[in-house]
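With compact mmCIF, C-alpha atoms and all ligand atoms inside, this is data-v9.txt:
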# COMPACT_ATOMS: atom_id res chain seq x y z
CA MET E 1 85.28 -112.77 248.97
CA LYS E 2 84.09 -109.54 250.62
CA ALA E 3 83.27 -106.54 248.42
CA ASP E 4 86.32 -104.41 247.68
CA GLN E 5 86.04 -101.44 250.05
CA PHE E 6 89.66 -100.33 249.64
CA GLN E 7 90.55 -96.80 250.67
CA SER E 8 94.10 -95.76 249.96
CA PRO E 9 96.14 -94.49 252.92
CA ASP E 10 98.02 -91.23 252.27
CA TYR E 11 99.23 -90.15 255.71
CA TYR E 12 101.79 -87.61 254.48
CA ASN E 13 99.66 -86.09 251.69
CA LEU E 14 101.83 -87.66 249.04
CA ASP E 15 99.17 -86.88 246.47
CA ASP E 16 100.54 -83.32 246.64
CA LEU E 17 103.73 -84.65 245.02
CA LEU E 18 101.86 -86.16 242.08
CA SER E 19 100.84 -84.43 238.85
CA ASP E 20 97.27 -84.50 237.57
CA GLU E 21 98.37 -87.10 235.02
CA HIS E 22 99.85 -89.33 237.74
CA LYS E 23 96.62 -89.19 239.72
CA MET E 24 94.49 -89.84 236.65
CA VAL E 25 96.56 -92.88 235.66
CA ARG E 26 96.57 -94.17 239.25
CA ASP E 27 92.83 -93.68 239.75
CA ALA E 28 92.00 -95.40 236.46
CA ALA E 29 94.12 -98.40 237.47
CA ARG E 30 92.54 -98.41 240.94
CA GLU E 31 89.00 -98.40 239.58
CA TRP E 32 89.85 -101.14 237.10
CA VAL E 33 91.34 -103.35 239.82
CA LYS E 34 88.22 -102.90 241.96
CA ARG E 35 85.95 -103.71 239.04
CA GLU E 36 87.85 -106.46 237.20
CA VAL E 37 90.42 -108.02 239.53
CA SER E 38 88.97 -108.04 243.05
CA PRO E 39 85.81 -110.00 242.15
CA ILE E 40 87.66 -112.84 240.41
CA ILE E 41 91.11 -113.04 241.98
CA GLU E 42 90.32 -115.24 244.97
CA GLU E 43 88.85 -117.96 242.76
CA ALA E 44 91.74 -117.71 240.28
CA ALA E 45 94.25 -118.09 243.12
CA GLN E 46 92.35 -121.02 244.63
CA LYS E 47 92.29 -122.74 241.23
CA ALA E 48 95.91 -121.78 240.55
CA GLU E 49 95.01 -120.22 237.21
CA PHE E 50 96.12 -116.98 235.60
CA PRO E 51 92.89 -115.11 234.74
CA LYS E 52 93.48 -114.53 231.04
CA GLN E 53 90.26 -112.56 230.70
CA ILE E 54 91.98 -109.55 232.30
CA ILE E 55 94.70 -109.24 229.64
CA ASN E 56 92.75 -106.70 227.56
CA GLY E 57 91.98 -104.62 230.64
CA LEU E 58 95.64 -104.60 231.68
CA ALA E 59 96.50 -103.28 228.23
CA GLU E 60 93.78 -100.62 228.46
CA ILE E 61 95.06 -99.17 231.75
CA GLY E 62 98.55 -98.92 230.23
CA ALA E 63 100.07 -101.75 232.28
CA PHE E 64 101.92 -103.21 229.27
CA GLY E 65 104.83 -100.90 228.52
CA PRO E 66 103.70 -97.81 230.46
CA TYR E 67 106.90 -95.93 229.62
CA ILE E 68 107.44 -97.33 226.11
CA PRO E 69 106.93 -94.49 223.57
CA GLU E 70 103.54 -94.24 221.90
CA GLU E 71 105.07 -94.77 218.44
CA TYR E 72 105.67 -98.39 219.49
CA GLY E 73 102.24 -98.80 221.07
CA GLY E 74 103.30 -97.99 224.66
CA ALA E 75 101.56 -95.48 226.91
CA GLY E 76 104.48 -93.00 226.84
CA LEU E 77 104.17 -92.30 230.57
CA ASP E 78 106.88 -91.41 233.06
CA GLN E 79 108.40 -93.63 235.74
CA ILE E 80 106.12 -92.44 238.54
CA SER E 81 103.03 -93.32 236.52
CA TYR E 82 104.59 -96.72 235.83
CA GLY E 83 105.18 -97.19 239.56
CA LEU E 84 101.66 -96.13 240.47
CA ILE E 85 100.15 -98.59 237.99
CA MET E 86 102.23 -101.40 239.52
CA GLN E 87 101.14 -100.29 243.02
CA GLU E 88 97.47 -100.46 242.09
CA ILE E 89 97.72 -103.81 240.32
CA GLU E 90 99.60 -105.39 243.22
CA ARG E 91 97.01 -103.95 245.58
CA GLY E 92 94.80 -106.45 243.78
CA ASP E 93 97.30 -109.30 243.50
CA SER E 94 101.08 -109.74 243.20
CA GLY E 95 100.61 -112.46 240.58
CA VAL E 96 98.72 -110.13 238.26
CA ARG E 97 101.37 -107.46 238.82
CA SER E 98 104.03 -110.05 238.00
CA THR E 99 102.43 -110.67 234.61
CA ALA E 100 102.38 -106.95 233.87
CA SER E 101 105.95 -106.45 235.15
CA VAL E 102 107.31 -109.25 233.00
CA GLN E 103 105.52 -108.00 229.90
CA SER E 104 106.70 -104.41 230.43
CA SER E 105 110.12 -104.52 232.03
CA LEU E 106 111.43 -107.90 231.02
CA VAL E 107 110.05 -108.32 227.49
CA MET E 108 109.16 -104.90 226.04
CA TYR E 109 112.05 -103.05 227.72
CA PRO E 110 114.84 -105.29 226.30
CA ILE E 111 113.29 -105.27 222.83
CA PHE E 112 113.00 -101.47 223.03
CA LYS E 113 116.53 -100.94 224.40
CA TYR E 114 118.55 -103.73 222.79
CA GLY E 115 116.48 -104.75 219.78
CA THR E 116 116.60 -103.74 216.12
CA GLU E 117 114.08 -101.36 214.59
CA GLU E 118 112.45 -104.33 212.83
CA GLN E 119 112.09 -106.19 216.15
CA LYS E 120 110.58 -103.12 217.82
CA LYS E 121 108.02 -102.69 215.04
CA LYS E 122 107.22 -106.39 214.88
CA TYR E 123 106.73 -107.08 218.59
CA LEU E 124 106.17 -103.94 220.68
CA PRO E 125 102.72 -102.84 219.46
CA LYS E 126 101.33 -106.36 219.85
CA LEU E 127 102.86 -106.70 223.32
CA ALA E 128 101.41 -103.32 224.34
CA SER E 129 97.91 -104.32 223.25
CA GLY E 130 98.10 -107.76 224.88
CA GLU E 131 97.62 -109.44 221.51
CA MET E 132 100.97 -111.06 222.22
CA MET E 133 102.26 -112.08 225.66
CA GLY E 134 105.90 -112.56 226.59
CA CYS E 135 108.15 -114.11 229.22
CA PHE E 136 111.76 -113.64 230.31
CA GLY E 137 114.18 -116.53 230.71
CA LEU E 138 117.22 -115.85 232.84
CA THR E 139 117.07 -118.26 235.82
CA GLU E 140 118.24 -121.83 235.26
CA PRO E 141 117.90 -124.96 237.41
CA ASP E 142 121.52 -124.59 238.60
CA HIS E 143 121.91 -120.81 238.31
CA GLY E 144 119.54 -118.53 240.22
CA SER E 145 121.31 -115.81 242.19
CA ASN E 146 124.36 -116.31 239.98
CA PRO E 147 123.01 -116.00 236.44
CA SER E 148 126.50 -115.40 235.01
CA GLY E 149 127.10 -119.17 235.37
CA MET E 150 124.28 -119.95 232.89
CA THR E 151 124.77 -122.96 230.65
CA THR E 152 122.12 -122.18 228.02
CA THR E 153 124.03 -121.63 224.79
CA PHE E 154 123.53 -120.74 221.15
CA LYS E 155 125.87 -121.36 218.27
CA ASP E 156 126.11 -120.11 214.74
CA ASN E 157 124.68 -122.72 212.40
CA GLY E 158 124.76 -120.95 209.04
CA ASP E 159 121.53 -119.03 208.43
CA HIS E 160 120.27 -119.52 212.04
CA TYR E 161 121.42 -120.06 215.62
CA LEU E 162 121.04 -123.37 217.40
CA LEU E 163 119.79 -122.86 220.99
CA ASN E 164 120.18 -125.47 223.75
CA GLY E 165 119.52 -125.43 227.49
CA ALA E 166 116.74 -124.87 230.00
CA LYS E 167 115.29 -122.06 232.10
CA MET E 168 113.29 -122.48 235.30
CA TRP E 169 110.78 -120.46 237.35
CA ILE E 170 109.66 -118.44 234.35
CA SER E 171 106.55 -116.28 234.91
CA ASN E 172 104.04 -116.34 232.01
CA ALA E 173 105.95 -119.22 230.36
CA PRO E 174 102.96 -121.59 230.00
CA PHE E 175 101.00 -119.17 227.80
CA ALA E 176 103.59 -116.74 226.44
CA ASP E 177 103.78 -116.28 222.66
CA ILE E 178 107.42 -115.20 222.83
CA ALA E 179 110.30 -115.62 225.26
CA VAL E 180 113.23 -113.25 225.71
CA VAL E 181 115.96 -115.78 226.46
CA TRP E 182 119.44 -115.04 227.77
CA ALA E 183 122.12 -117.40 226.49
CA LYS E 184 125.86 -117.52 225.84
CA ASN E 185 127.41 -117.61 222.37
CA GLU E 186 130.46 -119.68 221.47
CA GLU E 187 132.73 -117.03 223.04
CA GLY E 188 130.77 -117.16 226.30
CA ARG E 189 129.16 -113.73 225.73
CA ILE E 190 125.54 -113.32 226.92
CA TYR E 191 122.93 -112.13 224.40
CA GLY E 192 119.15 -111.93 224.40
CA LEU E 193 117.26 -113.94 221.76
CA ILE E 194 113.56 -113.74 220.94
CA VAL E 195 112.20 -117.29 220.81
CA GLU E 196 108.69 -117.80 219.45
CA ARG E 197 106.19 -120.44 220.56
CA GLY E 198 105.95 -123.10 217.87
CA MET E 199 109.68 -123.17 217.05
CA GLU E 200 110.68 -126.81 216.83
CA GLY E 201 112.37 -128.13 219.99
CA PHE E 202 110.95 -125.36 222.24
CA THR E 203 108.60 -126.44 225.08
CA THR E 204 107.19 -124.67 228.17
CA PRO E 205 106.08 -127.18 230.84
CA GLU E 206 104.05 -125.61 233.66
CA THR E 207 105.27 -125.57 237.27
CA HIS E 208 102.60 -126.90 239.63
CA ASN E 209 102.15 -127.10 243.43
CA LYS E 210 102.92 -123.46 244.22
CA TRP E 211 101.56 -122.01 247.46
CA SER E 212 102.50 -118.52 246.28
CA LEU E 213 101.62 -116.41 243.21
CA ARG E 214 98.94 -118.94 242.43
CA ALA E 215 97.14 -116.57 240.05
CA SER E 216 100.33 -116.24 237.98
CA ALA E 217 101.40 -119.02 235.62
CA THR E 218 104.99 -120.22 236.08
CA GLY E 219 106.89 -122.70 233.96
CA GLU E 220 110.11 -123.91 232.41
CA LEU E 221 111.59 -123.09 229.03
CA VAL E 222 113.29 -126.06 227.42
CA PHE E 223 115.41 -125.66 224.28
CA ASN E 224 116.42 -128.74 222.37
CA ASN E 225 118.32 -127.73 219.23
CA VAL E 226 115.91 -124.84 218.61
CA LYS E 227 116.65 -123.11 215.29
CA VAL E 228 116.39 -119.40 216.06
CA PRO E 229 116.50 -117.06 213.03
CA LYS E 230 119.48 -114.73 213.15
CA GLU E 231 117.23 -111.67 213.02
CA ASN E 232 115.86 -112.71 216.45
CA LEU E 233 119.09 -111.86 218.29
CA MET E 234 118.94 -108.49 220.08
CA PRO E 235 122.25 -106.92 219.01
CA GLU E 236 122.45 -103.61 220.84
CA LYS E 237 123.70 -104.83 224.23
CA SER E 238 125.50 -107.96 225.40
CA GLY E 239 126.95 -109.28 228.66
CA LEU E 240 125.21 -109.68 232.03
CA GLY E 241 124.50 -105.93 232.09
CA ALA E 242 121.81 -106.48 229.46
CA PRO E 243 119.48 -108.68 231.55
CA LEU E 244 120.43 -106.71 234.68
CA GLY E 245 119.21 -103.52 233.00
CA CYS E 246 115.80 -105.17 232.57
CA LEU E 247 115.84 -106.27 236.21
CA ASP E 248 116.48 -102.68 237.33
CA SER E 249 113.24 -101.66 235.67
CA ALA E 250 111.29 -104.60 237.08
CA ARG E 251 112.70 -104.20 240.59
CA TYR E 252 111.74 -100.54 240.55
CA GLY E 253 108.17 -101.60 239.70
CA ILE E 254 108.22 -104.10 242.56
CA ALA E 255 109.27 -101.38 245.02
CA TRP E 256 105.96 -99.66 244.17
CA GLY E 257 103.96 -102.86 243.81
CA ALA E 258 104.79 -104.07 247.31
CA ILE E 259 103.32 -100.84 248.70
CA GLY E 260 100.03 -101.78 247.05
CA ALA E 261 99.93 -105.17 248.77
CA ALA E 262 100.84 -103.53 252.10
CA MET E 263 98.17 -100.82 251.70
CA ASP E 264 95.52 -103.45 251.04
CA CYS E 265 96.50 -105.44 254.14
CA TYR E 266 96.60 -102.30 256.31
CA ASP E 267 93.29 -100.97 255.03
CA THR E 268 91.59 -104.33 255.53
CA ALA E 269 92.98 -104.71 259.06
CA LEU E 270 92.05 -101.14 260.04
CA ARG E 271 88.45 -101.58 258.88
CA TYR E 272 88.16 -104.97 260.55
CA ALA E 273 89.64 -103.69 263.83
CA LYS E 274 87.09 -100.87 263.99
CA GLU E 275 84.16 -103.22 263.28
CA ARG E 276 85.11 -106.35 265.25
CA GLU E 277 84.14 -106.25 268.93
CA GLN E 278 85.59 -108.32 271.76
CA PHE E 279 85.20 -107.70 275.49
CA GLY E 280 82.41 -105.28 274.55
CA LYS E 281 84.65 -102.95 272.54
CA PRO E 282 86.06 -102.68 269.01
CA ILE E 283 89.44 -104.45 268.97
CA ALA E 284 90.83 -101.17 267.49
CA SER E 285 90.44 -99.69 270.97
CA PHE E 286 93.09 -102.01 272.45
CA GLN E 287 96.61 -100.62 272.62
CA LEU E 288 98.23 -103.76 271.21
CA GLN E 289 96.13 -103.56 268.05
CA GLN E 290 96.75 -99.82 267.73
CA LYS E 291 100.49 -100.44 267.97
CA LYS E 292 100.29 -102.79 265.01
CA LEU E 293 98.21 -100.37 262.94
CA ALA E 294 100.31 -97.32 263.86
CA GLU E 295 103.53 -99.11 262.91
CA MET E 296 101.98 -100.25 259.64
CA ILE E 297 101.02 -96.78 258.48
CA THR E 298 104.44 -95.47 259.52
CA GLU E 299 106.23 -98.12 257.45
CA ILE E 300 103.90 -97.64 254.47
CA THR E 301 104.54 -93.89 254.55
CA LYS E 302 108.32 -94.40 254.61
CA ALA E 303 108.09 -96.86 251.72
CA GLN E 304 105.93 -94.45 249.71
CA LEU E 305 108.53 -91.72 250.14
CA LEU E 306 111.34 -94.08 249.09
CA ALA E 307 109.47 -95.16 245.96
CA TRP E 308 108.47 -91.63 245.01
CA ARG E 309 112.02 -90.28 245.35
CA LEU E 310 113.37 -93.24 243.37
CA GLY E 311 110.79 -92.47 240.69
CA VAL E 312 112.02 -88.87 240.48
CA MET E 313 115.59 -90.12 240.09
CA ARG E 314 114.49 -92.67 237.46
CA ASN E 315 112.82 -89.86 235.54
CA GLU E 316 116.07 -87.87 235.73
CA GLY E 317 118.08 -90.96 234.73
CA THR E 318 120.21 -90.80 237.89
CA ALA E 319 118.92 -93.78 239.94
CA THR E 320 121.62 -96.41 240.44
CA SER E 321 121.05 -100.18 240.48
CA ALA E 322 122.07 -100.20 244.15
CA GLN E 323 119.45 -97.56 244.99
CA ILE E 324 116.84 -99.68 243.25
CA SER E 325 117.99 -102.74 245.22
CA MET E 326 117.52 -100.86 248.48
CA ALA E 327 113.95 -99.86 247.62
CA LYS E 328 112.97 -103.33 246.38
CA ARG E 329 114.40 -104.97 249.49
CA ASN E 330 112.98 -102.49 251.99
CA ASN E 331 109.51 -102.27 250.50
CA VAL E 332 108.98 -106.00 250.04
CA GLU E 333 110.12 -106.71 253.61
CA MET E 334 107.82 -103.93 254.81
CA ALA E 335 104.91 -105.52 252.94
CA ILE E 336 105.55 -109.05 254.14
CA ASN E 337 105.76 -107.86 257.76
CA ILE E 338 102.55 -105.87 257.42
CA ALA E 339 100.75 -108.84 255.85
CA ARG E 340 101.75 -111.01 258.80
CA GLU E 341 100.66 -108.46 261.41
CA ALA E 342 97.44 -107.64 259.54
CA ARG E 343 96.53 -111.30 259.42
CA GLN E 344 96.80 -111.51 263.18
CA ILE E 345 94.46 -108.54 263.62
CA LEU E 346 91.81 -110.53 261.75
CA GLY E 347 92.21 -113.50 264.08
CA GLY E 348 90.85 -116.71 262.57
CA MET E 349 89.18 -114.81 259.73
CA GLY E 350 92.64 -113.77 258.58
CA ILE E 351 93.48 -117.20 257.27
CA THR E 352 90.42 -117.42 255.00
CA GLY E 353 89.88 -116.37 251.42
CA GLU E 354 87.12 -114.03 252.62
CA TYR E 355 89.86 -111.44 252.94
CA SER E 356 92.88 -110.77 250.74
CA ILE E 357 95.56 -110.76 253.46
CA MET E 358 96.61 -114.41 253.47
CA ARG E 359 96.85 -114.40 249.65
CA HIS E 360 99.04 -111.27 249.77
CA SER E 361 101.15 -112.87 252.49
CA MET E 362 101.78 -116.01 250.44
CA ASN E 363 102.37 -114.03 247.24
CA LEU E 364 104.98 -111.86 248.91
CA GLU E 365 107.05 -114.98 249.69
CA SER E 366 107.79 -115.11 245.95
CA VAL E 367 108.21 -111.36 245.60
CA ILE E 368 110.88 -111.37 248.32
CA THR E 369 112.78 -114.08 246.39
CA TYR E 370 112.43 -113.25 242.70
CA GLU E 371 114.20 -110.42 240.87
CA GLY E 372 117.09 -110.87 243.30
CA THR E 373 116.60 -112.39 246.75
CA HIS E 374 116.34 -110.34 249.92
CA ASP E 375 119.89 -111.33 250.90
CA ILE E 376 121.36 -110.61 247.47
CA HIS E 377 119.93 -107.06 247.54
CA LEU E 378 121.49 -106.55 250.95
CA LEU E 379 124.84 -107.69 249.55
CA ILE E 380 124.41 -105.23 246.67
CA THR E 381 124.00 -102.39 249.20
CA GLY E 382 126.94 -103.75 251.18
CA ALA E 383 129.15 -103.82 248.10
CA ASP E 384 128.04 -100.33 247.12
CA ILE E 385 128.87 -98.70 250.44
CA THR E 386 132.09 -100.59 251.19
CA GLY E 387 133.39 -101.12 247.68
CA ILE E 388 133.90 -104.80 248.60
CA PRO E 389 131.59 -107.37 246.96
CA ALA E 390 130.81 -110.16 249.45
CA PHE E 391 129.10 -112.54 247.03
CA GLN E 392 131.89 -115.13 246.96
C1 LIG E 401 107.13 -117.46 241.40
C2 LIG E 401 108.48 -117.13 240.79
C3 LIG E 401 108.52 -116.50 239.55
C4 LIG E 401 109.76 -116.25 238.93
N1 LIG E 401 109.80 -115.65 237.69
C5 LIG E 401 110.98 -115.58 237.02
C6 LIG E 401 111.03 -115.13 235.65
O1 LIG E 401 110.01 -114.75 235.06
N2 LIG E 401 112.22 -115.16 234.99
C7 LIG E 401 113.38 -115.58 235.59
O2 LIG E 401 114.43 -115.59 234.93
N3 LIG E 401 113.38 -115.99 236.91
C8 LIG E 401 112.21 -116.00 237.62
N4 LIG E 401 112.18 -116.44 238.94
C9 LIG E 401 113.43 -116.94 239.54
C10 LIG E 401 113.97 -116.07 240.65
O3 LIG E 401 114.50 -114.89 240.12
C11 LIG E 401 115.00 -116.92 241.44
O4 LIG E 401 114.24 -117.86 242.19
C12 LIG E 401 115.89 -116.07 242.33
O5 LIG E 401 116.76 -115.29 241.56
C13 LIG E 401 116.70 -116.93 243.30
O6 LIG E 401 117.32 -117.98 242.65
P1 LIG E 401 117.18 -119.45 243.25
O7 LIG E 401 115.74 -119.74 243.49
O8 LIG E 401 117.93 -120.38 242.35
O9 LIG E 401 117.88 -119.39 244.67
P2 LIG E 401 119.45 -119.54 245.00
O10 LIG E 401 120.25 -118.63 244.11
O11 LIG E 401 119.80 -120.99 245.01
O12 LIG E 401 119.51 -118.96 246.47
C14 LIG E 401 119.10 -119.72 247.61
C15 LIG E 401 119.45 -118.92 248.87
O13 LIG E 401 120.86 -118.69 248.92
C16 LIG E 401 121.11 -117.30 249.06
N5 LIG E 401 122.35 -116.96 248.37
C17 LIG E 401 122.69 -117.21 247.07
N6 LIG E 401 123.90 -116.74 246.80
C18 LIG E 401 124.36 -116.14 247.94
C19 LIG E 401 125.53 -115.42 248.29
N7 LIG E 401 126.51 -115.19 247.39
N8 LIG E 401 125.65 -114.97 249.55
C20 LIG E 401 124.66 -115.16 250.46
N9 LIG E 401 123.53 -115.80 250.21
C21 LIG E 401 123.37 -116.29 248.93
C22 LIG E 401 119.92 -116.60 248.44
O14 LIG E 401 119.75 -115.30 248.96
C23 LIG E 401 118.78 -117.54 248.86
O15 LIG E 401 118.35 -117.22 250.15
C24 LIG E 401 110.96 -116.63 239.59
C25 LIG E 401 110.89 -117.23 240.86
C26 LIG E 401 109.67 -117.48 241.45
C27 LIG E 401 109.63 -118.14 242.81

Turn this file's structure into C-alpha cells for me.
Ligand SMILES: Cc1cc2nc3c(=O)[nH]c(=O)nc-3n(C[C@H](O)[C@H](O)[C@H](O)COP(=O)(O)OP(=O)(O)OC[C@H]3O[C@@H](n4cnc5c(N)ncnc54)[C@H](O)[C@@H]3O)c2cc1C
Amino acid sequence: MKADQFQSPDYYNLDDLLSDEHKMVRDAAREWVKREVSPIIEEAAQKAEFPKQIINGLAEIGAFGPYIPEEYGGAGLDQISYGLIMQEIERGDSGVRSTASVQSSLVMYPIFKYGTEEQKKKYLPKLASGEMMGCFGLTEPDHGSNPSGMTTTFKDNGDHYLLNGAKMWISNAPFADIAVVWAKNEEGRIYGLIVERGMEGFTTPETHNKWSLRASATGELVFNNVKVPKENLMPEKSGLGAPLGCLDSARYGIAWGAIGAAMDCYDTALRYAKEREQFGKPIASFQLQQKKLAEMITEITKAQLLAWRLGVMRNEGTATSAQISMAKRNNVEMAINIAREARQILGGMGITGEYSIMRHSMNLESVITYEGTHDIHLLITGADITGIPAFQ
C-alpha cells in the first residue's frame, strides 16, 4: 500500500470550534493511525484478520472508554473528543473503529451505567487498558432490526442463572474475554448479563466469508445451559431501553467515524486527480472530476457540522436518540457515496489495495447496516416528526 500522506480537510475552519484538548487528542490519534494502522491494515484486511497487535496502542490513545471516568481507568474525555478519536480511527479502517466502538460504547458503557460497583471495579480498568476485550450480543439469527423479539433467555436456577440461546453477527466475538449479552428473564424482561469466556456451554464460532469489515473479527455467541453467576447480571436498567442506550453512544461514534472514512477517500482522490495526467493534463483539470471533488468536500463539511453540533448536545445531555439516528444515517450515506465517487476518480487503480478507497467502500456496507439499518434510522426520524411509528 502507498505511504499514508493523509491531510485532513477542514473547509469551514472547524478547528476553531475545538478546544486545545480536542485537537491534542485528535492529533495523537491521527499520528498513531498513520504510524501503526496504515502500514498493516491492507494486509490484515486481505487476510481477514483482526490485527491484535494494535490493541495496546488503541488503549494508549484513549480509544477504549474515552468518556469513562478516570477512576475506572477511562480517559475521562468529553463527547467531542470521543467523536474525534472515532473519526481518526475510521480514517484508518472501519473495522478497527468497530472494535473500539464495541469496547467503549457497547461493553464499558453498559457496565458503567447499568452495572454494580463491584462489576465496574472488576471489569472497567481492564477493558480500558485492553487487558480484557469485550463484545456485545443483541442481534439474533431471527431478530435483527426487531431485537425486542429476542428468544435468548435466562432463568433463576438457585445460586446462578441458566442462559440459553444464540446471538449472531457479533463484532469481537471470536477473541473477546467477556460478552455483554441481552436476554429475557422468565417474565420476559430484558437484562444485560456479563458472560465470561470459559463458562461451560458458551462458544463463539467465527463468521467467515465476509467481503466487508475484513479486519474486524465477527462471530456468533452460543449459550447452551450456561451457568451465569447471579452477580454478573447488570441490575440498574432493564427493558429494551438498556441496550438502546448503548446503541445511542455507539451510533454517535459512527456519525463521526464515517467522516473519517469519507475524508480519507476524498483526500486520496484529490491527490490522485492532481497527479494523474490524461489527454496531457491532470484529470483534476476536467470539470467532471472537479464536480465530484467539490461535491465531496461540501458533503464532508455538512457532516462535520452535524457531528460537531451533536457532540455539543451530547455534552449538554440534550441529544435525543432520533437526532443521533439522523446523524448516523446521513453521515454513513455521505461516506458510502464519497467512497464510490472517489473510486471512480482513481480509475482502474481504485479497485486495488494500493489505495484505501475500495476497502473503505466495502467496510461502509456493514456500517450502513449495523447499529440500526439505513432504513430503520429513516423510520426513526419519520416516527419522531409525525408521531406515528411506521415499523409495523
Ligand atoms: C459486520 C457486522 C457486525 C455486527 N456487529 C454486531 C454486534 O457487535 N452486536 C450485535 O448485536 N449486532 C451486530 N451486528 C448486527 C446488525 O446490527 C444487524 O445486522 C442489523 O441490526 C440488521 O439486522 P439484520 O441483519 O437481521 O437485518 P433485518 O432486520 O432482517 O433487515 C433486513 C432489511 O429489512 C429492512 N427492515 C427491517 N424491518 C423493517 C421495517 N419495519 N420497515 C422497513 N424495512 C425494514 C432493514 O432495513 C433491512 O434493509 C453486526 C452486523 C454486521 C454486518

Considering only C-alpha atoms and all ligand atoms, tabulate each residue of chain E that lies at most 7 Å from ligand LIG 401 (chain E) along with its nearest interatomic pair and the corresponding distance in Å to one decimal; arrange the rows by chain and ascending residue number and present them as a Markdown table.
| residue | atom | partner | partner_atom | distance |
| --- | --- | --- | --- | --- |
| E:Val102 | CA | E:LIG401 | O1 | 6.5 |
| E:Cys135 | CA | E:LIG401 | O1 | 6.2 |
| E:Phe136 | CA | E:LIG401 | N2 | 4.9 |
| E:Gly137 | CA | E:LIG401 | O2 | 4.3 |
| E:Leu138 | CA | E:LIG401 | O2 | 3.5 |
| E:Thr139 | CA | E:LIG401 | O2 | 3.9 |
| E:Pro141 | CA | E:LIG401 | O8 | 6.7 |
| E:Asp142 | CA | E:LIG401 | O8 | 6.7 |
| E:His143 | CA | E:LIG401 | O8 | 5.7 |
| E:Gly144 | CA | E:LIG401 | O8 | 3.2 |
| E:Ser145 | CA | E:LIG401 | O10 | 3.6 |
| E:Asn146 | CA | E:LIG401 | O10 | 6.3 |
| E:Met168 | CA | E:LIG401 | N3 | 6.7 |
| E:Trp169 | CA | E:LIG401 | C24 | 4.4 |
| E:Ile170 | CA | E:LIG401 | O1 | 3.8 |
| E:Ser171 | CA | E:LIG401 | O1 | 3.8 |
| E:Asn172 | CA | E:LIG401 | O1 | 6.9 |
| E:Ser212 | CA | E:LIG401 | C1 | 6.8 |
| E:Leu213 | CA | E:LIG401 | C1 | 5.9 |
| E:Thr218 | CA | E:LIG401 | C3 | 6.2 |
| E:Ser366 | CA | E:LIG401 | C27 | 4.7 |
| E:Thr369 | CA | E:LIG401 | C12 | 5.5 |
| E:Tyr370 | CA | E:LIG401 | O3 | 3.7 |
| E:Glu371 | CA | E:LIG401 | O3 | 4.5 |
| E:Gly372 | CA | E:LIG401 | O5 | 4.8 |
| E:Thr373 | CA | E:LIG401 | O14 | 4.8 |
| E:His374 | CA | E:LIG401 | O14 | 6.1 |
| E:Asp375 | CA | E:LIG401 | O14 | 4.4 |
| E:Ile376 | CA | E:LIG401 | O14 | 5.2 |
| E:Ala390 | CA | E:LIG401 | N7 | 6.9 |
| E:Phe391 | CA | E:LIG401 | N7 | 3.7 |
| E:Gln392 | CA | E:LIG401 | N7 | 5.4 |

Within 12 Å of range 51-67 of chain E, which residues of range 160-223 of chain E show up? Give each one with its shortest atom-to-atom distance in Å (one decimal) and the two atoms involved, counting only C-alpha atoms, rows by chain then rising residue number, as a tab-separated table.
residue	atom	partner	partner_atom	distance
E:Asn172	CA	E:Lys52	CA	10.8
E:Pro174	CA	E:Lys52	CA	11.9
E:Phe175	CA	E:Lys52	CA	9.4
E:Ala176	CA	E:Lys52	CA	11.3
E:Arg214	CA	E:Pro51	CA	10.5
E:Ala215	CA	E:Pro51	CA	7.0
E:Ser216	CA	E:Pro51	CA	8.2
E:Ala217	CA	E:Pro51	CA	9.4

(request) Might you pull out every residue within 9 Å of Asp177 in chain E, with all atoms listed in the file counted and same-chain residues fewer than 3 positions away left off, and present them as a ChimeraX atom specification? (result) /E:132-135,173,195-198

(message) With distances taken over all atoms listed in the file, which residue among E:Leu306, E:Ile254, E:Leu163, E:Ile380 lies nearest Gly83 in chain E?
(response)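 Among the listed residues, E:Ile254 lies closest to Gly83 in chain E.
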
(message) Please compute the CA of Leu379 in chain E-CA of Ala100 in chain E distance, one decimal, in Å.
(response)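 Atom-to-atom, CA of Leu379 in chain E and CA of Ala100 in chain E are spaced 27.4 Å apart.
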
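Across the structure, CA of Val226 in chain E and CA of Glu140 in chain E are spaced 17.1 Å apart.
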
(request) Please indicate the distance in Å from CA of Asn331 in chain E to CA of Thr298 in chain E, rounded to one decimal place. (result)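 According to the coordinates, CA of Asn331 in chain E and CA of Thr298 in chain E are separated by 12.4 Å.
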
Residues near Leu17 in chain E, cut-off 10 Å, only C-alpha atoms, skip fewer than 4 positions along chain, as a CSV table (one decimal) with C-alpha atoms, in the coordinates of the input:
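Saved to part.csv:
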chain,number,residue,atom,x,y,z
E,13,ASN,CA,99.7,-86.1,251.7
E,22,HIS,CA,99.8,-89.3,237.7
E,23,LYS,CA,96.6,-89.2,239.7
E,305,LEU,CA,108.5,-91.7,250.1
E,308,TRP,CA,108.5,-91.6,245.0
